[in-house]
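Undergrad: Have a look at this one before I ask anything.
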Amino acid sequence: MDITVAIDCMGGDHGPHVTVPAALSFQKSNADVDLVLVGLKDAIEAELRAHGAKAGPRLRVHHASEVVLMDESPSLALRNKKDSSIRIVANLVRSGEAHACVSAGNTGALMAVSRFVLKTLPGIDRPAIISALPTIHGSTYVLDLGANVDCGPEHLLQFGIMGATLVGAVEHKDRPSVGLLNIGEEAMKGNDAVKRAADLLRDSGLNFIGNIEGDGIYRGEADVVVCDGFVGNVMLKASEGLVQMVRSFIRQEFMRSTLTRLAGGIVMPVLHAFRKRLDPRRFNGATLLGLRGIVVKSHGSADVFSFERAIERAADEVRNEVLHRLMLRFGSAEAEEAT
């Protein structure tokens, strides 16, 4: 199938200087994907010229006269900037002109605008942010990573169903395992909401393996890990900080003396492999799951390589019909009519 992805070129810390070359690099190896570059037309076209490229049938430029700043209030962005690049990419998905959209912009504004423009799927109360994290055995998908600070048991159940549906599609697993993040594996551990959520997940028909602790995420104990947005966001940011600390410590130790520098040169291939395995850029691209459209959020500080991975994430979810599978799972009449 031909796929179209709309890209918010103005979002993030670097704007078109990252988003445009990432789009060009992605399109070189994805002949089946058309891209719509959304943002200030002059800035986008200047960046295209800088890379010896120009707009065409497969790479269109859609002008947006406004830009949502990274520190801008989501509510103000929603009310006052109706011609922003974030708003337009969501509109393109709603109208069917694009199958998915990607933005590195203001997370709160992207969620507010996407929820307003696209609405949630029937049977889903709240969208959740889901992303893959590296593990010993490959990767684990965790949700929610910050969209919903306070969650009831029913919300955690919906997160489990949504996460299992997405992972089943993109990882081609018939019954992905689902774990509930908790302070202990025992059933009596956790607060009331988590205990009740465990009961609901156990009775849901999912491949629910029970509670897992934080270290179980990186051991790859479950394909999907469910938690509320407060816990998930703290866990994610702590993990990112830990990776930075480990890499910094290794660098310091190898720079300590002439002898350690020589040792570093000998083990350099191992260090490069280690760094690659822990490189968070490979896992860039978090999905706002539960909307009537595919919306992928890139890290705001993404470079060209990592933003390209976010575009790949969006295209992959379209190829594997994640939205259609979610509609079927939650009994949407639209999905039933389409089959």
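Identifiers in the structure tokens: chain A, B, ... in order shown; residue index from 1 per chain; ligand index from 1 in order shown.
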Can you list, as number ranges by chain, all residues belonging to region 34-261 of chain A that DSSP tags as helix (DSSP H, G or I)?
TA: A: 41-50, 74-80, 85-95, 107-118, 153-170, 192-202, 214-218, 229-254, 258-261
Undergrad: Step one, run DSSP on the backbone; step two, keep only residues of region 83-282 of chain A assigned to strand (DSSP E or B); then write them as a VMD selection string.
TA: chain A and resid 84 100 to 103 120 128 to 135 138 to 143 177 to 181 207 to 212 224 to 226
Undergrad: Report as CSV: every residue of region 228-289 of chain A with an atom at most 12 Å from region 134-150 of chain A, its closest pair of atoms, and their distance in Å to one decimal, counting only C-alpha atoms, with rows sorted by chain and ascending residue number.
TA:
residue,atom,partner,partner_atom,distance
A:Asp228,CA,A:Asp144,CA,5.4
A:Gly229,CA,A:Gly146,CA,3.9
A:Phe230,CA,A:Val149,CA,4.6
A:Val231,CA,A:Leu145,CA,7.7
A:Gly232,CA,A:Leu145,CA,4.4
A:Asn233,CA,A:Leu145,CA,4.6
A:Val234,CA,A:Leu145,CA,8.3
A:Met235,CA,A:Leu145,CA,8.4
A:Leu236,CA,A:Leu145,CA,7.2
A:Lys237,CA,A:Leu145,CA,9.6
A:Ser239,CA,A:Pro134,CA,10.6
A:Glu240,CA,A:Pro134,CA,11.3
A:Val243,CA,A:Pro134,CA,11.4
A:Lys276,CA,A:Pro134,CA,10.9
A:Arg277,CA,A:Pro134,CA,7.7
A:Leu278,CA,A:Pro134,CA,7.3
A:Asp279,CA,A:Pro134,CA,9.0
A:Pro280,CA,A:Pro134,CA,8.2
A:Arg281,CA,A:Pro134,CA,10.9
A:Arg282,CA,A:Pro134,CA,9.1
A:Phe283,CA,A:Pro134,CA,7.6
A:Asn284,CA,A:Pro134,CA,11.1
A:Gly285,CA,A:Tyr141,CA,11.6
A:Ala286,CA,A:Leu145,CA,8.8
A:Thr287,CA,A:Leu143,CA,9.6
A:Leu288,CA,A:Ala147,CA,8.6
A:Leu289,CA,A:Leu143,CA,9.1
Undergrad: Using only C-alpha atoms, pick whichever of A:Ala198, A:Leu328, A:Ala43, A:Ala273 has the shortest atom-to-atom distance to Asn182 (chain A).
TA: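 The answer is A:Ala198, which sits nearest to Asn182 (chain A).
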Undergrad: Could you pull the residues within 8 Å of Ala302 (chain A), counting only C-alpha atoms, minus those fewer than 4 positions along the same chain, as a PyMOL selection string?
TA: chain A and resi 12-13+18+104+281+284+298+306-307
Undergrad: For Leu156 (chain A), which residue among A:Ser204, A:Ser95, A:Ser177, A:Asn320 is the nearest when counting only C-alpha atoms?
TA: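 Among the listed residues, A:Ser204 lies closest to Leu156 (chain A).
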